[in-house]
Amino acid sequence: MKKKTSTKKLASLALFTAMSLIMFLIESQFPPLFLPGAKMGLSNLFSLLALVLYGPLEAFAVIVARTLLGALFSNPFALLYSFTAGVLALTLTVLLYEFVFPKLSLLSISVAGGVFHNLVQLTVYLVISETKELVLYAPYLALAGVLSGTIVGTTLLFLIKKIPLSPDRRI
């Protein structure tokens, strides 16, 4: 029997996508934090929230919609980086959430996703630019991912305490 998507769920996912897109667009207006290209990645908060509240498919829907719309509203070339890194980092996050959580906290899962996201973006850039020396940038991007993942994960934990969860989700 095929499960129908409720109107409330669809509206929530649309809202998560819109908020994620808004955070992405706002963040893109600011200069990098302390490294070229380094951003907080606050838009990822909403795909993690979708994962916890609804599940992996819904989280992927938020990431895909946000990266496609983000490329449409900002830089289409950025789609290569943000889509690839977003989908692969969310894949890692989903695997950790589904198979390791609660042995590994949501905060730790968010940090792992942040670090992986940055390293995937660097890998994509290395492949495109064929500039092997940029691999030296990896430790700094990993550190930025730790900071970003900590901020996103802490915010996620705060939001989860304020939002009632359905009985089929676990945190």
# chains A, B, ... in the order shown; residues from 1 in each chain; ligands from 1
>>> residues_around(residues="Leu106 in chain A", least_positions_apart="3", cutoff="9 Å", atoms="only C-alpha atoms", output="list in words")
Tyr97, Phe101, Pro102, Ile109, Ser110, Val111, Gly153, Thr154, Leu156, Leu157 and Ile171 of chain A
>>> residues_around(residues="Ala89 in chain A", least_positions_apart="3", cutoff="8 Å", atoms="only C-alpha atoms", output="list of chain:residue names")
A:Ala85, A:Gly86, A:Leu92, A:Thr93, A:Gly113, A:Gly114, A:Phe116, A:His117, A:Val120
>>> closest_residue(among="A:Ser12, A:Asn118, A:Ser105, A:Ser129", to="Tyr54 in chain A", atoms="only C-alpha atoms")
A:Ser12
>>> residues_around(residues="Phe46 in chain A", least_positions_apart="5", cutoff="8 Å", atoms="only C-alpha atoms", output="ChimeraX atom specification")
/A:16-17,19-20,62
>>> select_by_dssp(residues="range 29-169 of chain A", states="alpha helix (DSSP H)", output="ChimeraX atom specification")
/A:44-53,56-73,78-99,106-129,138-162
>>> closest_residue(among="A:Phe24, A:Phe60, A:Phe30, A:Tyr81", to="Leu126 in chain A", atoms="only C-alpha atoms")
A:Tyr81
>>> closest_residue(among="A:Ala112, A:Leu159, A:Val64, A:Ala59", to="Val146 in chain A", atoms="only C-alpha atoms")
A:Ala112
>>> atom_distance(atom1="CA of Thr91 in chain A", atom2="CA of Ile128 in chain A")
22.4 Å
>>> closest_residue(among="A:Gly145, A:Lys162, A:Val87, A:Val100", to="Leu57 in chain A", atoms="only C-alpha atoms")
A:Val87
